[in-house]
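> Just one file: final-v8.tsv, with TSV, C-alpha atoms and all ligand atoms.
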```tsv
chain	number	residue	atom	x	y	z
A	1	MET	CA	83.21	62.77	108.31
A	2	ASN	CA	82.41	59.07	108.62
A	3	LEU	CA	84.69	56.19	107.60
A	4	THR	CA	82.82	55.48	104.33
A	5	GLU	CA	83.19	59.09	103.17
A	6	ALA	CA	86.88	59.16	104.10
A	7	ILE	CA	87.45	55.87	102.26
A	8	GLY	CA	85.73	57.33	99.17
A	9	ILE	CA	88.11	60.32	99.20
A	10	ILE	CA	91.16	58.07	99.64
A	11	ALA	CA	89.98	55.78	96.80
A	12	ASP	CA	89.53	58.81	94.46
A	13	ALA	CA	93.03	60.00	95.31
A	14	ALA	CA	94.44	56.53	94.70
A	15	VAL	CA	92.89	56.41	91.23
A	16	ARG	CA	94.26	59.90	90.44
A	17	LEU	CA	97.70	58.56	91.45
A	18	SER	CA	97.20	55.65	88.99
A	19	CYS	CA	96.99	53.12	91.83
A	20	LYS	CA	94.38	50.41	91.32
A	21	ALA	CA	91.71	50.74	94.04
A	22	GLU	CA	89.21	48.00	94.78
A	23	PHE	CA	86.17	48.20	97.08
A	24	ASN	CA	85.07	45.20	99.12
A	25	ALA	CA	88.00	42.91	98.34
A	26	LYS	CA	88.25	39.93	100.68
A	27	PHE	CA	91.14	38.72	102.80
A	28	SER	CA	90.28	35.22	101.55
A	29	SER	CA	91.51	36.22	98.10
A	30	LEU	CA	94.51	38.19	99.41
A	31	THR	CA	96.00	35.49	101.64
A	32	THR	CA	97.55	32.06	101.08
A	33	PHE	CA	95.31	30.72	103.90
A	34	LYS	CA	92.25	31.63	101.75
A	35	ILE	CA	90.41	32.78	104.87
A	36	GLY	CA	89.04	36.19	105.88
A	37	GLY	CA	86.25	38.70	105.39
A	38	LYS	CA	85.68	41.89	103.46
A	39	ILE	CA	87.83	44.97	103.58
A	40	PRO	CA	86.33	48.29	102.48
A	41	LEU	CA	89.25	49.34	100.28
A	42	LEU	CA	92.33	47.67	98.79
A	43	ILE	CA	94.89	49.98	97.18
A	44	ASN	CA	97.64	48.58	94.99
A	45	ILE	CA	100.31	51.17	95.79
A	46	ASN	CA	102.57	51.62	92.78
A	47	ASN	CA	105.41	53.85	93.98
A	48	VAL	CA	106.87	55.83	96.90
A	49	ASP	CA	105.21	59.15	95.97
A	50	SER	CA	101.78	57.51	95.87
A	51	LEU	CA	102.49	55.80	99.19
A	52	ILE	CA	103.41	59.10	100.88
A	53	CYS	CA	100.29	60.82	99.46
A	54	ILE	CA	97.95	58.03	100.57
A	55	LEU	CA	99.57	57.90	104.03
A	56	LYS	CA	98.97	61.64	104.39
A	57	LEU	CA	95.25	61.22	103.62
A	58	ILE	CA	95.01	58.20	105.90
A	59	SER	CA	96.48	60.32	108.69
A	60	ILE	CA	94.25	63.36	107.99
A	61	TYR	CA	91.09	61.23	108.07
A	62	ASN	CA	92.40	58.93	110.81
A	63	VAL	CA	91.57	55.78	108.86
A	64	PRO	CA	92.84	52.40	110.14
A	65	TYR	CA	95.17	50.75	107.61
A	66	MET	CA	97.59	47.94	107.11
A	67	VAL	CA	100.26	47.18	104.53
A	68	ILE	CA	100.51	43.68	103.10
A	69	GLY	CA	102.94	41.90	100.83
A	70	ASN	CA	101.90	38.52	99.44
A	71	GLY	CA	99.53	37.65	102.30
A	72	SER	CA	101.41	34.46	103.17
A	73	ASN	CA	101.68	35.07	106.91
A	74	LEU	CA	98.21	36.40	107.65
A	75	LEU	CA	95.19	34.94	109.40
A	76	ALA	CA	92.19	37.26	109.11
A	77	ASP	CA	88.77	37.09	110.78
A	78	ASP	CA	85.79	36.17	108.56
A	79	ASN	CA	83.90	39.27	109.71
A	80	ASP	CA	84.09	42.55	107.79
A	81	HIS	CA	87.18	44.66	108.57
A	82	ASN	CA	87.39	48.43	108.88
A	83	LEU	CA	90.88	48.57	107.41
A	84	VAL	CA	92.29	50.10	104.25
A	85	ILE	CA	94.80	47.62	102.87
A	86	LEU	CA	97.86	48.90	101.06
A	87	ARG	CA	99.50	46.29	98.83
A	88	MET	CA	102.97	46.90	97.44
A	89	THR	CA	102.85	46.53	93.62
A	90	GLY	CA	104.09	48.28	90.44
A	91	ASP	CA	107.51	49.92	90.98
A	92	PHE	CA	107.61	48.13	94.34
A	93	THR	CA	108.33	44.80	92.60
A	94	VAL	CA	111.62	45.78	90.90
A	95	VAL	CA	114.91	44.03	91.80
A	96	LYS	CA	118.20	45.51	90.56
A	97	ASN	CA	121.73	44.18	90.73
A	98	ASN	CA	124.46	46.51	91.89
A	99	GLY	CA	127.76	44.59	92.21
A	100	GLU	CA	127.57	42.37	95.30
A	101	TYR	CA	124.30	44.04	96.31
A	102	LEU	CA	120.71	43.46	95.23
A	103	ASP	CA	118.42	46.46	95.58
A	104	CYS	CA	114.95	45.02	96.06
A	105	GLU	CA	111.76	47.03	96.18
A	106	ALA	CA	109.65	45.80	99.08
A	107	GLY	CA	106.86	44.11	97.12
A	108	ALA	CA	109.23	41.89	95.10
A	109	LEU	CA	108.57	38.23	95.79
A	110	LEU	CA	111.41	36.30	97.43
A	111	SER	CA	111.25	33.88	94.49
A	112	SER	CA	112.03	36.74	92.04
A	113	VAL	CA	114.77	38.09	94.32
A	114	CYS	CA	116.37	34.61	94.41
A	115	ARG	CA	116.12	34.25	90.62
A	116	VAL	CA	117.79	37.64	90.04
A	117	ALA	CA	120.50	36.66	92.54
A	118	ALA	CA	121.13	33.41	90.64
A	119	THR	CA	121.24	35.23	87.28
A	120	HIS	CA	124.02	37.44	88.66
A	121	SER	CA	125.82	34.49	90.33
A	122	LEU	CA	125.10	35.92	93.78
A	123	SER	CA	124.88	33.42	96.61
A	124	GLY	CA	123.48	33.42	100.16
A	125	ILE	CA	119.73	33.62	99.68
A	126	GLU	CA	119.17	30.12	98.22
A	127	PRO	CA	117.61	28.61	101.43
A	128	LEU	CA	114.85	31.24	101.33
A	129	PHE	CA	113.79	30.26	97.80
A	130	GLY	CA	110.31	28.81	98.17
A	131	ILE	CA	109.11	31.08	101.00
A	132	PRO	CA	106.00	32.48	99.30
A	133	GLY	CA	106.31	36.04	100.62
A	134	SER	CA	107.57	39.43	99.50
A	135	ILE	CA	110.97	40.74	100.61
A	136	GLY	CA	109.17	43.45	102.66
A	137	GLY	CA	107.14	40.80	104.51
A	138	ALA	CA	110.28	38.71	104.96
A	139	VAL	CA	112.17	41.63	106.57
A	140	PHE	CA	109.17	42.54	108.77
A	141	MET	CA	109.10	39.02	110.29
A	142	ASN	CA	112.79	38.20	109.76
A	143	ALA	CA	111.76	35.16	107.75
A	144	GLY	CA	114.12	32.24	107.71
A	145	ALA	CA	114.59	28.66	106.61
A	146	TYR	CA	117.22	25.91	106.66
A	147	GLY	CA	119.53	27.84	108.98
A	148	ARG	CA	119.43	31.17	107.12
A	149	GLU	CA	117.45	34.28	108.10
A	150	ILE	CA	116.91	37.27	105.84
A	151	SER	CA	118.66	39.34	108.54
A	152	ASP	CA	121.92	37.50	107.70
A	153	LEU	CA	121.87	39.18	104.28
A	154	ILE	CA	120.74	42.73	105.06
A	155	GLU	CA	122.95	45.68	104.18
A	156	SER	CA	120.20	48.26	104.78
A	157	VAL	CA	116.43	48.74	104.79
A	158	THR	CA	114.59	51.89	103.76
A	159	ALA	CA	111.17	52.48	105.29
A	160	ILE	CA	108.59	55.25	105.54
A	161	ASP	CA	107.20	56.27	108.93
A	162	PRO	CA	103.43	56.68	109.31
A	163	ASP	CA	104.06	60.48	109.06
A	164	GLY	CA	105.64	60.03	105.61
A	165	THR	CA	109.33	60.43	106.57
A	166	SER	CA	111.78	58.08	104.86
A	167	LYS	CA	114.65	56.56	106.85
A	168	THR	CA	117.38	54.11	105.94
A	169	TYR	CA	118.20	51.58	108.68
A	170	SER	CA	121.48	49.69	108.94
A	171	ALA	CA	121.16	45.97	109.66
A	172	ALA	CA	121.94	46.66	113.35
A	173	GLU	CA	119.24	49.34	113.54
A	174	CYS	CA	116.64	46.82	112.29
A	175	LEU	CA	116.97	45.03	115.69
A	176	PHE	CA	116.52	41.60	114.16
A	177	SER	CA	116.10	38.46	116.21
A	178	TYR	CA	114.05	35.27	115.71
A	179	ARG	CA	110.88	36.35	113.80
A	180	GLU	CA	111.44	39.88	115.13
A	181	SER	CA	112.40	43.27	113.71
A	182	ILE	CA	111.93	46.90	114.62
A	183	PHE	CA	109.26	47.17	111.89
A	184	ILE	CA	106.83	45.03	113.91
A	185	HIS	CA	106.93	47.77	116.54
A	186	ASN	CA	107.39	51.11	114.75
A	187	ARG	CA	104.78	50.64	111.96
A	188	ALA	CA	107.21	51.99	109.34
A	189	ILE	CA	106.45	50.72	105.84
A	190	ILE	CA	109.44	49.02	104.26
A	191	THR	CA	110.00	50.34	100.74
A	192	ASN	CA	113.43	49.04	99.76
A	193	VAL	CA	115.80	46.34	100.95
A	194	ARG	CA	119.49	46.24	100.04
A	195	LEU	CA	120.90	42.70	100.31
A	196	LYS	CA	124.59	41.92	100.46
A	197	LEU	CA	125.40	38.60	98.82
A	198	THR	CA	128.58	36.77	97.92
A	199	GLN	CA	129.90	35.84	94.51
A	200	GLY	CA	129.17	32.22	93.62
A	201	LYS	CA	128.59	30.03	90.58
A	202	ALA	CA	125.22	30.39	88.83
A	203	ASP	CA	124.75	26.67	88.13
A	204	ILE	CA	125.51	25.68	91.75
A	205	ILE	CA	123.20	28.43	93.09
A	206	LYS	CA	120.39	27.27	90.79
A	207	SER	CA	120.80	23.61	91.70
A	208	GLN	CA	120.74	24.50	95.41
A	209	MET	CA	117.53	26.46	94.91
A	210	GLU	CA	116.01	23.44	93.15
A	211	SER	CA	117.09	21.17	95.98
A	212	TYR	CA	115.48	23.45	98.62
A	213	THR	CA	112.27	23.46	96.54
A	214	ALA	CA	112.31	19.66	96.40
A	215	ARG	CA	112.78	19.49	100.20
A	216	ARG	CA	109.80	21.80	100.70
A	217	LYS	CA	107.61	19.78	98.31
A	218	GLU	CA	108.54	16.56	100.06
A	219	LYS	CA	108.02	17.80	103.64
A	220	GLN	CA	105.34	20.52	103.44
A	221	PRO	CA	101.64	20.29	102.53
A	222	LEU	CA	101.96	22.80	99.68
A	223	GLU	CA	98.85	21.36	98.01
A	224	PHE	CA	96.67	22.98	100.72
A	225	PRO	CA	96.15	26.65	101.61
A	226	SER	CA	98.04	27.64	104.77
A	227	ALA	CA	100.15	30.39	106.27
A	228	GLY	CA	103.20	28.14	106.66
A	229	SER	CA	104.24	27.32	110.22
A	230	ALA	CA	101.34	27.86	112.57
A	231	PHE	CA	103.56	28.35	115.63
A	232	LYS	CA	106.88	29.99	116.38
A	233	ARG	CA	109.76	27.87	117.54
A	234	PRO	CA	109.78	27.93	121.37
A	235	LYS	CA	113.22	28.26	123.00
A	236	GLY	CA	114.82	24.83	123.19
A	237	ALA	CA	112.42	22.90	120.97
A	238	TYR	CA	110.71	22.72	117.58
A	239	ALA	CA	106.97	23.37	117.46
A	240	SER	CA	106.38	20.69	114.81
A	241	ALA	CA	108.24	18.04	116.82
A	242	LEU	CA	106.29	18.89	119.99
A	243	ILE	CA	102.96	18.69	118.13
A	244	ASP	CA	103.97	15.42	116.47
A	245	ASP	CA	105.14	13.93	119.79
A	246	CYS	CA	101.75	14.76	121.30
A	247	GLY	CA	100.13	12.72	118.51
A	248	LEU	CA	98.25	15.69	117.07
A	249	LYS	CA	98.84	15.16	113.33
A	250	GLY	CA	95.46	15.09	111.60
A	251	LEU	CA	93.64	16.76	114.53
A	252	SER	CA	90.99	19.05	113.11
A	253	VAL	CA	88.41	21.65	114.04
A	254	GLY	CA	85.92	22.28	111.24
A	255	GLY	CA	87.92	22.77	108.04
A	256	ALA	CA	91.22	23.45	109.81
A	257	GLN	CA	93.59	20.54	110.32
A	258	ILE	CA	97.06	19.82	111.64
A	259	SER	CA	98.73	18.57	108.49
A	260	GLU	CA	99.43	14.82	108.35
A	261	LYS	CA	102.53	15.65	106.31
A	262	HIS	CA	104.05	18.35	108.58
A	263	ALA	CA	102.82	18.82	112.14
A	264	GLY	CA	103.94	22.47	112.14
A	265	PHE	CA	101.39	23.43	109.48
A	266	ILE	CA	97.70	24.11	109.98
A	267	ILE	CA	95.99	23.61	106.62
A	268	ASN	CA	92.69	24.81	105.25
A	269	THR	CA	91.11	21.60	103.93
A	270	GLY	CA	88.58	23.58	101.90
A	271	ASP	CA	86.12	25.55	103.95
A	272	ALA	CA	88.05	26.47	107.11
A	273	LYS	CA	86.75	29.44	109.03
A	274	PHE	CA	88.87	31.83	111.08
A	275	SER	CA	87.23	30.41	114.21
A	276	ASP	CA	88.21	26.84	113.15
A	277	VAL	CA	91.89	27.81	112.91
A	278	ILE	CA	91.83	29.72	116.20
A	279	GLY	CA	89.93	26.84	117.89
A	280	LEU	CA	92.50	24.35	116.61
A	281	MET	CA	95.42	26.57	117.67
A	282	LYS	CA	93.98	26.84	121.17
A	283	LYS	CA	93.53	23.05	121.41
A	284	VAL	CA	97.09	22.44	120.27
A	285	VAL	CA	98.55	25.05	122.64
A	286	GLY	CA	96.61	23.51	125.56
A	287	ILE	CA	97.60	19.90	124.82
A	288	VAL	CA	101.27	20.71	124.08
A	289	GLU	CA	101.55	22.76	127.27
A	290	LEU	CA	99.98	20.00	129.36
A	291	GLN	CA	102.07	17.20	127.87
A	292	THR	CA	105.41	18.94	127.37
A	293	GLY	CA	105.44	22.15	129.40
A	294	PHE	CA	106.26	24.24	126.29
A	295	THR	CA	104.03	27.22	125.43
A	296	LEU	CA	103.45	27.69	121.72
A	297	GLU	CA	102.75	31.10	120.18
A	298	PRO	CA	101.07	31.65	116.80
A	299	GLU	CA	103.42	32.66	113.99
A	300	PRO	CA	100.95	34.26	111.53
A	301	ILE	CA	99.78	37.82	112.07
A	302	ILE	CA	96.21	37.60	113.36
A	303	ILE	CA	93.80	40.31	112.22
A	304	SER	CA	90.53	40.48	114.11
A	305	ASN	CA	88.18	43.29	115.22
A	306	GLY	CA	90.57	45.95	113.96
A	307	ILE	CA	93.34	44.54	116.12
A	308	ILE	CA	96.47	43.28	114.46
A	309	GLU	CA	98.32	40.85	116.72
A	310	PHE	CA	101.95	39.99	116.28
A	401	LIG	C1	103.68	27.32	102.29
A	401	LIG	C2	104.34	28.36	103.16
A	401	LIG	C3	105.65	28.18	103.55
A	401	LIG	C4	106.28	29.15	104.36
A	401	LIG	N1	107.57	28.94	104.73
A	401	LIG	C5	108.18	29.86	105.52
A	401	LIG	C6	109.54	29.65	105.93
A	401	LIG	O1	110.20	28.69	105.59
A	401	LIG	N2	110.09	30.60	106.74
A	401	LIG	C7	109.41	31.72	107.13
A	401	LIG	O2	109.97	32.56	107.86
A	401	LIG	N3	108.12	31.93	106.75
A	401	LIG	C8	107.50	31.03	105.95
A	401	LIG	N4	106.21	31.24	105.57
A	401	LIG	C9	105.48	32.44	106.05
A	401	LIG	C10	105.57	33.66	105.12
A	401	LIG	O3	105.75	33.27	103.76
A	401	LIG	C11	106.70	34.61	105.51
A	401	LIG	O4	106.50	35.11	106.83
A	401	LIG	C12	106.81	35.79	104.55
A	401	LIG	O5	107.99	36.49	104.83
A	401	LIG	C13	105.61	36.76	104.65
A	401	LIG	O6	105.73	37.71	103.59
A	401	LIG	P1	104.42	38.35	102.91
A	401	LIG	O7	104.89	39.30	101.87
A	401	LIG	O8	103.50	37.30	102.43
A	401	LIG	O9	103.83	39.14	104.12
A	401	LIG	P2	102.28	39.31	104.51
A	401	LIG	O10	101.75	37.99	104.93
A	401	LIG	O11	101.58	40.03	103.41
A	401	LIG	O12	102.41	40.23	105.78
A	401	LIG	C14	103.00	39.73	106.95
A	401	LIG	C15	103.31	40.93	107.87
A	401	LIG	O13	104.32	41.72	107.24
A	401	LIG	C16	103.90	43.08	107.16
A	401	LIG	N5	104.45	43.61	105.93
A	401	LIG	C17	104.38	43.10	104.68
A	401	LIG	N6	105.00	43.90	103.81
A	401	LIG	C18	105.46	44.96	104.52
A	401	LIG	C19	106.17	46.16	104.19
A	401	LIG	N7	106.54	46.42	102.95
A	401	LIG	N8	106.45	47.03	105.18
A	401	LIG	C20	106.09	46.78	106.47
A	401	LIG	N9	105.39	45.68	106.83
A	401	LIG	C21	105.10	44.77	105.88
A	401	LIG	C22	102.37	43.02	107.12
A	401	LIG	O14	101.82	44.22	107.62
A	401	LIG	C23	102.09	41.85	108.05
A	401	LIG	O15	102.05	42.30	109.39
A	401	LIG	C24	105.57	30.31	104.75
A	401	LIG	C25	104.23	30.49	104.34
A	401	LIG	C26	103.64	29.52	103.55
A	401	LIG	C27	102.22	29.75	103.09
```
The structure given in the file should be rewritten as structure tokens.

Amino acid sequence: MNLTEAIGIIADAAVRLSCKAEFNAKFSSLTTFKIGGKIPLLININNVDSLICILKLISIYNVPYMVIGNGSNLLADDNDHNLVILRMTGDFTVVKNNGEYLDCEAGALLSSVCRVAATHSLSGIEPLFGIPGSIGGAVFMNAGAYGREISDLIESVTAIDPDGTSKTYSAAECLFSYRESIFIHNRAIITNVRLKLTQGKADIIKSQMESYTARRKEKQPLEFPSAGSAFKRPKGAYASALIDDCGLKGLSVGGAQISEKHAGFIINTGDAKFSDVIGLMKKVVGIVELQTGFTLEPEPIIISNGIIEF
């Protein structure tokens, strides 16, 4: 059976499971960078049973796939991709309060998680308000901001292995470190995240969230499409400071540019191609290495020729 036939069968099954299935969606409309080519099938997975069923078919027909959250840390090639994309929607966006815990389904946006926390006077997650990702994506990359990482707040994470087995990981078993977790390596799909927060005062929590939003608006080029920080923080330095010190603000390749507002961001000024961003990243890495000795590594997940690079 060829890939097109297998994708047809998987799409039929998705529809029978009441998951929305879309042929020929584009990464450019699924990512905050607004870059990237066609994918043969996008499935909006609505619950765990559907996910397990679809994973089984994907395994039987040996179809390449990838799960995404809100697409805010992805840089995809403009060429067509042979990947089925599974997006966490429906039941996967629910957030429930349970005493000092928040039980978050993996597709819930961090902004909703933070709002529910504030409603229940739960504190700890305020610095992450404004990261435009899902909680699943945040756990995958151990997202962080203003001195707080999501790993600081994890009680447990439930995830489904590619073979359909569900496992609950303690925080220690997630093997978190800077922009690292076990999920980058084991390909398990995160389905639920239990956060442990502390009791606070709702009005203080809300005002802190507003103040973090204001800081982001002031410092980050939120008016342009991007994937946030283009490079990870190298040990002993900040990528944005190194890029700024090398005088690279405003440097561009095609439609990709080092933001004038924040040297850590590569922005899409309108018509950036994948190759523009990669070309610009390579230039920056070369210049920074030559002038400072630090080697920068890309932070977004790069998807090209069926290869997903972390
Ligand atoms: C303007 C802007 C500001 C940003 N600021 C920050 C910041 O301050 N700090 C920070 O850390 N990041 C920041 N980011 C990057 C990004 O928002 C985070 O990395 C976020 O956590 C990604 O979540 P996502 O749902 O969008 O993941 P996606 O981009 O959809 O996916 C990223 C990776 O996570 C995997 N993934 C997603 N969901 C799951 C799941 N359920 N199970 C297993 N794997 C999964 C995907 O396969 C992919 O490999 C910013 C991005 C933008 C555009």
> Could you tell me how far CA of Ala272 (chain A) lies from CA of Pro225 (chain A), in Å and to one decimal?
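So the two atoms, CA of Ala272 (chain A) and CA of Pro225 (chain A), lie 9.8 Å apart.
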> Using all atoms listed in the file, which residues have at least one atom no more than 8 Å from ligand LIG 401 (chain A)? Output them as a ChimeraX atom specification.
/A:31-33,66-74,87-88,106-107,109,128,130-146,149,159,179,183-184,187-191,220-222,225-229,300-301,308,310
> Mind checking which residues fall within 12 Å of Lys261 (chain A), counting all atoms listed in the file, ignoring those fewer than 2 positions away in the same chain, and posting them as number ranges by chain?
A: 216-224, 240, 244, 248-250, 257-259, 263-267
> Report, as AutoDock Vina command-line options, the centre and edge lengths in Å (one decimal) of the axis-aligned box enclosing every listed atom of region 125-132 of chain A, padded by 5 Å on each side.

```
--center_x 112.9 --center_y 31.1 --center_z 99.6 --size_x 23.7 --size_y 15.0 --size_z 13.6
```
> For Asn62 (chain A), which residue out of A:Arg16, A:Ile35, A:Leu3, A:Gln199 is the nearest one, using all atoms listed in the file?
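Among the listed residues, the smallest separation from Asn62 (chain A) belongs to A:Leu3.
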> Write out as a list in words which residues come within 9 Å of region 205-211 of chain A when counting all atoms listed in the file, dropping same-chain ones fewer than 6 positions away.
Cys114, Arg115, Ala117, Ala118, Thr119, Ser121, Leu122, Ser123, Gly124, Ile125, Glu126, Pro127, Leu128, Phe129 and Gly130 of chain A
> Write out as a PyMOL selection string the residues lying within 7 Å of Pro64 (chain A), counting all atoms listed in the file and excluding same-chain residues fewer than 5 positions away.
chain A and resi 82-84
> Which residues come within 8 Å of Gly36 (chain A), counting only C-alpha atoms, excluding same-chain residues fewer than 6 positions away, as number ranges by chain?
A: 26-28, 75-79, 273-274
> Could you name the residues that touch Asp245 (chain A) at 12 Å or less, counting only C-alpha atoms, but leaving out those on the same chain fewer than 5 positions away, as a list in words?
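The filter keeps Ala237, Tyr238, Ala239, Ser240, Ala263, Gly264, Val284, Ile287, Val288, Gln291 and Thr292 of chain A.
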> Can you tell me how far CA of Ile160 (chain A) sits from CA of Asn186 (chain A), in Å to one decimal?
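Separation between CA of Ile160 (chain A) and CA of Asn186 (chain A): 10.2 Å.
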> Which of these, A:Ala214, A:Ala6, A:Cys246, A:Ala241, has the shortest distance to Glu289 (chain A) once you count only C-alpha atoms?
A:Cys246
> Could you check the closest approach to Ile9 (chain A) for each of A:Ile60, A:Ile45, A:Leu175, A:Glu100 and tell me which residue wins, using all atoms listed in the file?
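Closest candidate: A:Ile60.
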> Please indicate the distance in Å from CA of Val113 (chain A) to CA of Lys201 (chain A), rounded to one decimal place.
16.4 Å
> Using only C-alpha atoms, which residue out of A:Ala14, A:Val285, A:Ile54, A:Val157 lies closest to Val193 (chain A)?
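Ranked by minimum distance to Val193 (chain A), first place goes to A:Val157.
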> Pick from A:Leu153, A:Ile85, A:Leu195, A:Cys53: nearest to Cys104 (chain A), with all atoms listed in the file counted?
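Using all atoms listed in the file, Cys104 (chain A) sits closest to A:Leu195.
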> For each of A:Ser18, A:Ser111, A:Ser170, A:Asn268, take the minimum atom-to-atom distance to Asn47 (chain A), counting only C-alpha atoms, then give the residue where this is smallest.
A:Ser18
